[in-house]
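Enquirer: Got target-v6.txt for you, compact mmCIF, C-alpha atoms:
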# COMPACT_ATOMS: atom_id res chain seq x y z
CA MET A 384 7.23 -44.42 -3.28
CA LEU A 385 6.00 -42.15 -6.02
CA ASN A 386 7.53 -44.44 -8.64
CA TYR A 387 5.19 -47.27 -7.69
CA LEU A 388 2.20 -45.01 -7.07
CA TRP A 389 2.49 -43.30 -10.43
CA ALA A 390 3.24 -46.47 -12.37
CA ALA A 391 0.24 -48.15 -10.69
CA MET A 392 -2.04 -45.25 -11.69
CA VAL A 393 -1.11 -45.44 -15.36
CA LEU A 394 -0.92 -49.25 -15.62
CA ILE A 395 -4.18 -49.89 -13.76
CA GLY A 396 -5.87 -47.15 -15.77
CA VAL A 397 -4.81 -48.62 -19.10
CA VAL A 398 -5.70 -52.22 -18.19
CA TRP A 399 -9.01 -51.19 -16.63
CA GLY A 400 -9.80 -49.05 -19.67
CA ALA A 401 -9.02 -51.94 -22.03
CA PHE A 402 -11.46 -54.23 -20.23
CA HIS A 403 -14.22 -51.64 -19.95
CA GLY A 404 -13.94 -50.16 -23.42
CA THR A 405 -12.89 -46.73 -22.21
CA LEU A 406 -9.49 -46.59 -23.90
CA GLY A 407 -10.58 -43.76 -26.17
CA ASP A 408 -11.40 -41.62 -23.13
CA VAL A 409 -8.14 -42.67 -21.54
CA THR A 410 -6.10 -41.30 -24.45
CA GLU A 411 -7.99 -38.04 -24.53
CA SER A 412 -7.84 -37.41 -20.81
CA ALA A 413 -4.15 -38.28 -20.52
CA LEU A 414 -3.49 -35.44 -22.96
CA ASN A 415 -5.98 -33.16 -21.22
CA GLY A 416 -4.48 -33.88 -17.81
CA ALA A 417 -1.05 -32.86 -19.04
CA LYS A 418 -2.48 -29.69 -20.60
CA GLU A 419 -4.37 -28.86 -17.42
CA ALA A 420 -1.18 -29.23 -15.39
CA VAL A 421 0.51 -26.57 -17.50
CA SER A 422 -2.29 -24.03 -17.10
CA LEU A 423 -2.33 -24.75 -13.37
CA CYS A 424 1.40 -24.04 -13.21
CA ILE A 425 0.88 -20.71 -14.97
CA THR A 426 -1.53 -19.65 -12.22
CA MET A 427 0.87 -20.94 -9.59
CA LEU A 428 3.80 -19.07 -11.15
CA GLY A 429 2.05 -15.81 -10.30
CA ILE A 430 0.77 -16.62 -6.83
CA LEU A 431 3.80 -18.54 -5.57
CA SER A 432 6.33 -16.06 -6.92
CA LEU A 433 4.44 -13.25 -5.20
CA TRP A 434 4.34 -15.19 -1.94
CA SER A 435 7.96 -16.30 -1.90
CA GLY A 436 9.01 -12.75 -2.77
CA VAL A 437 7.15 -11.45 0.27
CA LEU A 438 8.56 -14.21 2.48
CA LYS A 439 12.07 -13.31 1.30
CA ILE A 440 11.51 -9.78 2.65
CA GLY A 441 10.51 -11.34 5.96
CA GLU A 442 13.54 -13.58 6.02
CA ARG A 443 15.98 -10.79 5.16
CA SER A 444 14.56 -8.43 7.78
CA GLY A 445 15.19 -11.00 10.49
CA LEU A 446 11.62 -12.17 11.13
CA LEU A 447 12.65 -15.83 11.00
CA LYS A 448 15.22 -15.30 13.76
CA LYS A 449 12.87 -13.15 15.82
CA PHE A 450 10.14 -15.79 15.76
CA SER A 451 12.58 -18.59 16.58
CA ARG A 452 13.61 -16.74 19.71
CA GLY A 453 9.97 -16.26 20.68
CA LEU A 454 9.52 -20.01 20.43
CA ARG A 455 12.01 -20.79 23.23
CA PRO A 456 9.57 -21.24 26.15
CA PHE A 457 7.45 -23.51 24.01
CA ILE A 458 10.48 -25.64 23.10
CA ARG A 459 11.47 -25.87 26.76
CA PHE A 460 7.99 -27.12 27.65
CA LEU A 461 7.92 -29.69 24.86
CA PHE A 462 11.45 -31.00 25.31
CA PRO A 463 12.36 -30.83 28.99
CA GLN A 464 15.11 -33.43 28.46
CA ILE A 465 17.16 -31.13 26.26
CA PRO A 466 19.65 -28.87 28.03
CA ASP A 467 19.06 -25.13 27.63
CA GLY A 468 20.88 -23.58 24.69
CA HIS A 469 21.65 -26.93 23.09
CA PRO A 470 22.01 -26.69 19.28
CA ALA A 471 19.13 -29.17 18.96
CA SER A 472 16.69 -26.58 20.35
CA GLU A 473 17.87 -23.96 17.89
CA ALA A 474 17.54 -26.30 14.90
CA MET A 475 14.08 -27.41 16.04
CA SER A 476 12.90 -23.79 16.41
CA THR A 477 14.11 -22.96 12.91
CA ASN A 478 12.39 -26.04 11.53
CA ILE A 479 9.10 -25.24 13.27
CA ILE A 480 9.04 -21.60 12.19
CA ALA A 481 10.00 -22.47 8.60
CA ASN A 482 7.19 -25.05 8.54
CA MET A 483 4.73 -22.50 9.89
CA LEU A 484 5.64 -20.08 7.12
CA GLY A 485 5.54 -22.82 4.51
CA LEU A 486 9.26 -22.58 3.68
CA GLY A 487 9.90 -26.22 2.88
CA TRP A 488 13.44 -25.58 1.62
CA ALA A 489 14.40 -24.03 4.98
CA ALA A 490 12.47 -26.51 7.11
CA THR A 491 13.98 -29.78 5.93
CA PRO A 492 17.71 -28.97 6.40
CA ALA A 493 16.99 -27.55 9.87
CA GLY A 494 14.89 -30.60 10.72
CA LEU A 495 17.63 -33.01 9.66
CA LYS A 496 20.16 -31.04 11.68
CA ALA A 497 17.84 -31.21 14.69
CA MET A 498 17.60 -34.99 14.33
CA GLU A 499 21.38 -35.26 14.16
CA GLN A 500 21.73 -33.16 17.33
CA LEU A 501 19.00 -35.14 19.08
CA ASP A 502 20.80 -38.34 18.18
CA ARG A 503 23.94 -37.09 19.98
CA LEU A 504 21.85 -36.98 23.16
CA ASN A 505 20.55 -40.49 22.43
CA PRO A 506 21.94 -43.09 24.85
CA GLN A 507 20.47 -45.96 22.84
CA LYS A 508 21.37 -45.49 19.16
CA GLY A 509 18.88 -46.95 16.72
CA THR A 510 15.93 -46.32 19.05
CA ALA A 511 14.03 -43.04 18.91
CA THR A 512 14.19 -40.87 22.03
CA ASN A 513 11.13 -39.13 23.47
CA ALA A 514 12.37 -35.83 22.04
CA MET A 515 12.68 -37.34 18.55
CA CYS A 516 9.17 -38.79 18.68
CA THR A 517 7.64 -35.55 19.93
CA PHE A 518 9.56 -33.45 17.41
CA LEU A 519 8.47 -35.58 14.46
CA ILE A 520 4.85 -35.82 15.62
CA LEU A 521 4.80 -32.02 15.85
CA ASN A 522 6.41 -31.78 12.42
CA MET A 523 3.88 -34.17 10.87
CA SER A 524 0.85 -32.60 12.54
CA SER A 525 1.15 -29.87 9.89
CA LEU A 526 2.21 -26.43 11.03
CA GLN A 527 1.76 -24.31 7.90
CA LEU A 528 -0.24 -21.20 8.80
CA ILE A 529 -1.24 -20.10 5.29
CA PRO A 530 -1.84 -22.85 2.72
CA ILE A 531 -0.72 -20.76 -0.24
CA ASN A 532 -0.51 -23.70 -2.68
CA MET A 533 -4.09 -24.68 -1.96
CA ILE A 534 -5.21 -21.08 -2.51
CA ALA A 535 -3.47 -21.15 -5.91
CA TYR A 536 -5.14 -24.44 -6.89
CA ARG A 537 -8.53 -23.15 -5.84
CA SER A 538 -8.13 -19.97 -7.80
CA GLN A 539 -7.24 -21.97 -10.92
CA TYR A 540 -10.34 -24.13 -10.48
CA GLY A 541 -12.79 -21.23 -10.43
CA SER A 542 -13.33 -20.73 -6.72
CA ILE A 543 -15.28 -17.53 -5.97
CA ASN A 544 -13.12 -16.87 -2.91
CA PRO A 545 -9.95 -18.99 -3.01
CA ALA A 546 -8.69 -17.61 0.30
CA ALA A 547 -11.89 -18.48 2.20
CA ILE A 548 -10.14 -21.59 3.50
CA VAL A 549 -7.38 -19.67 5.32
CA MET A 550 -9.06 -19.35 8.71
CA PRO A 551 -10.80 -22.77 8.74
CA ALA A 552 -7.52 -24.39 7.66
CA LEU A 553 -5.73 -22.57 10.47
CA LEU A 554 -8.29 -23.92 12.94
CA ALA A 555 -7.96 -27.46 11.60
CA THR A 556 -4.16 -27.20 11.75
CA ALA A 557 -4.34 -25.92 15.33
CA VAL A 558 -6.54 -28.85 16.31
CA SER A 559 -4.30 -31.44 14.62
CA THR A 560 -1.20 -29.93 16.25
CA ALA A 561 -2.86 -29.79 19.68
CA VAL A 562 -3.92 -33.42 19.39
CA GLY A 563 -0.40 -34.33 18.22
CA ILE A 564 1.19 -32.65 21.26
CA LEU A 565 -1.33 -34.23 23.62
CA ALA A 566 -0.78 -37.66 22.10
CA ALA A 567 3.00 -37.23 22.32
CA LYS A 568 2.88 -36.17 25.98
CA LEU A 569 0.53 -39.01 26.84
CA LEU A 570 2.34 -41.72 24.91
CA GLU A 571 5.76 -40.73 26.27
CA ARG A 572 4.51 -41.75 29.73
CA ILE A 573 3.05 -45.09 28.82
CA TRP A 574 5.29 -46.26 25.96
CA PRO A 575 8.19 -48.50 27.07
CA MET B 116 -18.59 -19.15 10.94
CA THR B 117 -19.20 -15.68 9.42
CA LEU B 118 -16.46 -14.32 11.64
CA ILE B 119 -14.11 -17.09 10.56
CA LEU B 120 -14.73 -16.36 6.89
CA TYR B 121 -14.31 -12.64 7.55
CA LEU B 122 -10.97 -13.28 9.23
CA SER B 123 -9.93 -15.40 6.23
CA ASP B 124 -10.24 -12.31 4.06
CA MET B 125 -8.15 -10.26 6.48
CA ILE B 126 -5.20 -12.54 7.09
CA LEU B 127 -3.39 -12.31 3.75
CA PRO B 128 -3.52 -8.50 3.46
CA PHE B 129 -2.46 -8.24 7.09
CA VAL B 130 0.51 -10.55 6.60
CA LEU B 131 1.58 -8.63 3.48
CA PHE B 132 1.38 -5.34 5.36
CA TYR B 133 3.21 -6.66 8.41
CA ILE B 134 6.10 -8.24 6.53
CA ILE B 135 6.71 -5.30 4.21
CA ALA B 136 6.37 -2.69 6.98
CA ASN B 137 8.74 -4.76 9.12
CA GLY B 138 11.24 -4.92 6.24
CA LEU B 139 11.12 -1.16 5.76
CA ALA B 140 11.56 -0.61 9.49
CA ALA B 141 14.63 -2.87 9.40
CA GLY B 142 16.05 -0.70 6.64
CA ARG B 143 15.91 -3.40 3.95
CA PRO B 144 15.64 -2.69 0.21
CA VAL B 145 12.28 -4.45 0.25
CA TYR B 146 11.59 -4.46 -3.46
CA ASP B 147 15.01 -5.91 -4.30
CA ASP B 148 14.46 -8.62 -1.69
CA PHE B 149 11.01 -9.27 -3.11
CA VAL B 150 12.28 -9.69 -6.65
CA GLU B 151 14.97 -12.08 -5.51
CA GLY B 152 12.47 -14.21 -3.59
CA ALA B 153 9.97 -14.11 -6.46
CA LYS B 154 12.68 -15.46 -8.74
CA GLU B 155 13.17 -18.39 -6.35
CA GLY B 156 9.41 -19.01 -6.26
CA PHE B 157 9.40 -18.99 -10.05
CA GLY B 158 12.11 -21.63 -10.04
CA THR B 159 10.19 -23.74 -7.51
CA VAL B 160 7.08 -23.82 -9.68
CA LEU B 161 9.07 -24.66 -12.80
CA GLY B 162 10.71 -27.43 -10.77
CA VAL B 163 7.41 -29.06 -9.78
CA MET B 164 5.87 -28.64 -13.23
CA PRO B 165 7.09 -31.98 -14.67
CA THR B 166 5.86 -33.77 -11.52
CA LEU B 167 2.45 -32.19 -11.84
CA ILE B 168 2.19 -32.97 -15.54
CA GLY B 169 2.96 -36.63 -14.87
CA LEU B 170 0.61 -36.93 -11.93
CA MET B 171 -2.31 -35.09 -13.46
CA ALA B 172 -2.02 -37.22 -16.60
CA GLY B 173 -1.91 -40.31 -14.34
CA VAL B 174 -4.99 -39.31 -12.33
CA SER B 175 -6.86 -38.38 -15.51
CA ILE B 176 -6.11 -41.81 -16.94
CA LEU B 177 -7.45 -43.48 -13.79
CA ARG B 178 -10.56 -41.31 -13.81
CA ALA B 179 -11.30 -41.84 -17.52
CA SER B 180 -10.80 -45.59 -17.32
CA GLY B 181 -13.57 -45.75 -14.74
CA PHE B 182 -11.29 -47.22 -12.08
CA LEU B 183 -11.63 -44.27 -9.68
CA SER B 184 -15.43 -44.57 -9.59
CA PHE B 185 -15.05 -48.31 -9.06
CA LEU B 186 -12.70 -47.66 -6.14
CA ALA B 187 -15.04 -45.04 -4.70
CA GLY B 188 -17.89 -47.54 -4.97
CA LEU B 189 -15.86 -50.13 -3.09
CA LEU B 190 -14.91 -47.67 -0.36
CA SER B 191 -18.51 -46.52 0.09
CA HIS B 192 -19.30 -50.04 1.34
CA ILE B 193 -16.74 -49.69 4.11
CA ILE B 194 -17.54 -46.20 5.38
CA SER B 195 -20.93 -44.54 5.28
CA GLU B 196 -21.10 -42.05 2.42
CA GLU B 197 -22.76 -39.49 4.66
CA LEU B 198 -19.78 -39.43 6.96
CA VAL B 199 -16.92 -39.23 4.43
CA MET B 200 -17.26 -39.23 0.66
CA PRO B 201 -15.40 -42.17 -0.92
CA GLU B 202 -13.43 -39.79 -3.15
CA LEU B 203 -12.08 -38.11 -0.04
CA ILE B 204 -10.94 -41.43 1.42
CA SER B 205 -8.65 -42.09 -1.54
CA VAL B 206 -7.11 -38.62 -1.11
CA ILE B 207 -6.50 -39.26 2.61
CA LEU B 208 -4.85 -42.63 1.96
CA VAL B 209 -2.62 -41.28 -0.82
CA LYS B 210 -1.66 -38.21 1.22
CA LEU B 211 0.00 -40.39 3.86
CA PHE B 212 2.55 -41.40 1.20
CA SER B 213 2.81 -38.61 -1.30
CA SER B 214 1.75 -34.99 -1.20
CA SER B 215 1.91 -34.41 -4.94
CA ALA B 216 -0.13 -37.52 -5.79
CA ALA B 217 -2.78 -36.41 -3.27
CA THR B 218 -2.78 -33.00 -4.95
CA GLY B 219 -3.46 -34.71 -8.27
CA LEU B 220 -6.52 -36.45 -6.79
CA ALA B 221 -7.68 -33.23 -5.10
CA LEU B 222 -7.53 -31.32 -8.39
CA ASP B 223 -9.60 -34.08 -9.93
CA ILE B 224 -12.23 -33.50 -7.23
CA PHE B 225 -12.08 -29.75 -7.99
CA SER B 226 -12.74 -30.27 -11.68
CA GLN B 227 -15.46 -32.84 -11.02
CA PHE B 228 -17.41 -31.14 -8.22
CA GLY B 229 -16.00 -27.58 -8.13
CA ALA B 230 -13.57 -25.96 -5.71
CA ASP B 231 -16.37 -24.43 -3.63
CA SER B 232 -18.50 -27.59 -3.39
CA LEU B 233 -18.64 -29.60 -0.15
CA PRO B 234 -16.11 -32.20 -1.36
CA GLY B 235 -13.97 -29.40 -2.83
CA LEU B 236 -13.89 -27.48 0.44
CA SER B 237 -13.33 -30.63 2.49
CA VAL B 238 -10.36 -31.65 0.41
CA SER B 239 -8.94 -28.10 0.47
CA LEU B 240 -8.95 -28.14 4.26
CA MET B 241 -7.81 -31.74 4.62
CA LEU B 242 -4.73 -31.26 2.49
CA SER B 243 -3.93 -27.99 4.28
CA CYS B 244 -3.80 -29.59 7.72
CA THR B 245 -2.08 -32.94 7.09
CA GLU B 246 1.42 -34.05 6.15
CA THR B 247 2.92 -37.00 4.31
CA ILE B 248 3.53 -39.09 7.41
CA PHE B 249 5.27 -42.13 5.94
CA TYR B 250 7.53 -40.12 3.69
CA THR B 251 8.57 -37.68 6.44
CA MET B 252 9.17 -40.43 8.98
CA SER B 253 11.39 -42.41 6.64
CA VAL B 254 13.48 -39.38 5.61
CA TYR B 255 14.03 -38.11 9.15
CA PHE B 256 14.59 -41.41 10.91
CA MET B 257 16.76 -42.78 8.14
CA SER B 258 19.04 -39.75 8.44
CA VAL B 259 20.04 -40.88 11.96
CA LYS B 260 19.64 -44.63 11.33
CA VAL B 261 16.83 -45.03 13.86
CA LYS B 262 14.90 -48.28 13.33
CA LYS B 263 12.70 -48.37 16.44
CA THR B 264 10.38 -45.41 15.97
CA ARG B 265 8.32 -46.11 19.11
CA TYR B 266 5.19 -43.96 19.40
CA THR B 267 5.91 -41.61 16.48
CA LEU B 268 3.47 -43.28 14.08
CA PRO B 269 0.49 -43.59 16.46
CA GLY B 270 1.01 -39.99 17.59
CA ALA B 271 1.21 -38.67 14.02
CA LEU B 272 -1.84 -40.69 12.96
CA ALA B 273 -3.82 -39.28 15.91
CA ALA B 274 -2.92 -35.73 14.83
CA THR B 275 -3.84 -36.48 11.21
CA ALA B 276 -7.17 -38.05 12.17
CA ALA B 277 -8.03 -35.01 14.30
CA GLY B 278 -7.17 -32.67 11.43
CA ILE B 279 -9.34 -34.63 9.00
CA ALA B 280 -12.30 -34.76 11.40
CA MET B 281 -12.01 -31.00 11.98
CA SER B 282 -11.80 -30.35 8.20
CA LEU B 283 -14.96 -32.35 7.49
CA PHE B 284 -16.75 -30.58 10.34
CA LEU B 285 -15.71 -27.08 9.21
CA ALA B 286 -16.29 -27.67 5.48
CA ARG B 287 -19.97 -28.41 6.18
CA ARG B 288 -20.34 -25.08 7.88
CA MET B 289 -18.73 -22.92 5.21
Could you spell out this file's structure in structure tokens?
Expert:
Amino acid sequence: MLNYLWAAMVLIGVVWGAFHGTLGDVTESALNGAKEAVSLCITMLGILSLWSGVLKIGERSGLLKKFSRGLRPFIRFLFPQIPDGHPASEAMSTNIIANMLGLGWAATPAGLKAMEQLDRLNPQKGTATNAMCTFLILNMSSLQLIPINMIAYRSQYGSINPAAIVMPALLATAVSTAVGILAAKLLERIWP
Amino acid sequence: MTLILYLSDMILPFVLFYIIANGLAAGRPVYDDFVEGAKEGFGTVLGVMPTLIGLMAGVSILRASGFLSFLAGLLSHIISEELVMPELISVILVKLFSSSAATGLALDIFSQFGADSLPGLSVSLMLSCTETIFYTMSVYFMSVKVKKTRYTLPGALAATAAGIAMSLFLARRM
């Protein structure tokens, strides 16, 4: 995907620039863009290292496990078809909590394992079950509680208060997740 | 809204306090754990650096060539500019496919309008409450060879649309 997207950006830019006489600007800003990326990464090195260090403390002290257990009633409500204590529920909890904390590296493996477990309960291979649809909708409704990357970007680009977006973003995420769950519950009744 | 912004200031310090206090209570060597995690974070940033360099150069090329303003002009015919700025529409469309490319466009909006401007705030919120739907769906469904995805896409699009609407609403009130 990114291969085409990126190639299109550069190719269209160069051709468009050639026809509109902006090739000089194109050269200069290609170099500036690359330079800007490096200074952005220097800011991110500080903020993201700090954050992942703190999250590591949380992980090691068992917070991840504690939260996953707290999620059980919620999982039971969302996925009534899945038998209690099934490995699929455990993998889904881990995926959801890791997504909430913004731990992408922990979320994806757990999510893939959840899909594999859900597929074992699938009577019709090749067609998504209700649980799969709901799980992925939830996953794609964005669950991250603190958008640390965005805070880092904002701080690099001179925001007066980079973290001002934390609470509004949390609200927006809550709304998108609520709508996702509602849509999933509604569609599962009417979709063949 | 004042309360919301006030809470924004509180959350990060609170989370820091909670996690570290919890680690101490669990008898963990918290600083050692921290350093280990920070090292991983360091590696993550170094890992995305080449991607960011490529994408930011790409977006800059598009911007400088004048194509982005042309595209924004085209999009402003389709959707009223007062509702959603055309620059934001391109970010939304790109975000459905690639998170890092959308970030490149968002950073372009930051440098053009400022991170605390209305478009800057809108894009900050939008990218914080949406996911790369098409990418995620293909990775997860491909892993179990599911072809018929049923209502996953409409459901995910509904959630994304709600998040975007909420972001635009909140950004105007910040």
Enquirer: Report the closest atom pair, with its distance in Å rounded to one decimal, for each residue of chain A that has an atom no farther than 6 Å from chain B; count all atoms listed in the file, sort by chain and then rising residue number, and write it as a tab-separated table.
Expert:
residue	atom	partner	partner_atom	distance
A:Met392	CA	B:Gly173	CA	5.6
A:Val393	CA	B:Gly173	CA	5.3
A:Gly396	CA	B:Leu177	CA	4.5
A:Trp399	CA	B:Ser180	CA	5.9
A:Gly400	CA	B:Ser180	CA	4.3
A:Thr405	CA	B:Ser180	CA	5.4
A:Asp408	CA	B:Ala179	CA	5.6
A:Val409	CA	B:Ile176	CA	5.1
A:Ser412	CA	B:Ser175	CA	5.5
A:Ala413	CA	B:Ala172	CA	4.6
A:Gly416	CA	B:Ala172	CA	4.3
A:Ala417	CA	B:Ile168	CA	4.8
A:Ala420	CA	B:Ile168	CA	5.0
A:Leu428	CA	B:Phe157	CA	5.7
A:Leu431	CA	B:Gly156	CA	5.7
A:Ser432	CA	B:Ala153	CA	4.2
A:Leu433	CA	B:Ala153	CA	5.7
A:Ser435	CA	B:Gly152	CA	5.3
A:Gly436	CA	B:Gly152	CA	3.8
A:Val437	CA	B:Phe149	CA	5.6
A:Lys439	CA	B:Gly152	CA	5.0
A:Ile440	CA	B:Asp148	CA	5.4
A:Gly441	CA	B:Ile134	CA	5.4
A:Ser444	CA	B:Gly138	CA	5.1
A:Gly509	CA	B:Val261	CA	4.0
A:Thr510	CA	B:Lys263	CA	4.6
A:Ala511	CA	B:Thr264	CA	5.3
A:Cys516	CA	B:Thr267	CA	4.8
A:Ile520	CA	B:Ala271	CA	4.9
A:Met523	CA	B:Glu246	CA	5.3
A:Ser524	CA	B:Ala274	CA	5.4
A:Ser525	CA	B:Thr245	CA	5.3
A:Pro530	CA	B:Ser243	CA	5.8
A:Arg537	CA	B:Ala230	CA	5.8
A:Ser542	CA	B:Ala230	CA	5.3
A:Ala547	CA	B:Ser123	CA	5.4
A:Val549	CA	B:Ser123	CA	5.1
A:Met550	CA	B:Ser123	CA	4.7
A:Ala552	CA	B:Leu240	CA	5.3
A:Ala555	CA	B:Gly278	CA	5.3
A:Thr556	CA	B:Cys244	CA	4.7
A:Ser559	CA	B:Gly278	CA	4.5
A:Val562	CA	B:Ala274	CA	5.2
A:Gly563	CA	B:Ala274	CA	4.4
A:Ala566	CA	B:Gly270	CA	5.4
A:Ala567	CA	B:Gly270	CA	5.8
Enquirer: What's the separation between CA of Leu519 (chain A) and CA of Leu501 (chain A), in Å to one decimal place?
Expert: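 Separating CA of Leu519 (chain A) from CA of Leu501 (chain A) is a distance of 11.5 Å.
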Enquirer: Using all atoms listed in the file for the distances, tell me which of A:Leu495, A:Ile543, A:Leu385, A:Ala514 is nearest to Leu570 (chain A).
Expert: A:Ala514
Enquirer: Which distance in Å separates CA of Asn505 (chain A) and CA of Pro575 (chain A), to one decimal?
Expert: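 Separation between CA of Asn505 (chain A) and CA of Pro575 (chain A): 15.4 Å.
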Enquirer: What is the CA of Thr477 (chain A) to CA of Met533 (chain A) distance in Å?
Expert: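 Between these atoms lies a distance of 23.6 Å.
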Enquirer: Identify which of the residues A:Gly429, A:Gly485, A:Pro470, A:Gly407 lies closest to Tyr536 (chain A), counting only C-alpha atoms when measuring atom-to-atom distances.
Expert: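 Residue with the minimum atom-to-atom distance to Tyr536 (chain A): A:Gly429.
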Enquirer: Would you please work out which residue, of A:Leu388, A:Leu423, A:Leu406, A:Met483, is nearest to Gln539 (chain A) when using all atoms listed in the file?
Expert: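 Between A:Leu388, A:Leu423, A:Leu406, A:Met483, the residue approaching Gln539 (chain A) most closely is A:Leu423.
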Enquirer: Considering all atoms listed in the file, state which residue in the set B:Ala217, B:Ile224, B:Leu198, B:Val206 is at the smallest distance from Arg287 (chain B).
Expert: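 Smallest separation from Arg287 (chain B) among the options: B:Leu198.
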Enquirer: With only C-alpha atoms as the basis for distance, which of A:Lys508, A:Pro466, A:Met475, A:Ala561 is at the shortest distance from Gly494 (chain A)?
Expert: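 Of all the options, A:Met475 lies closest to Gly494 (chain A).
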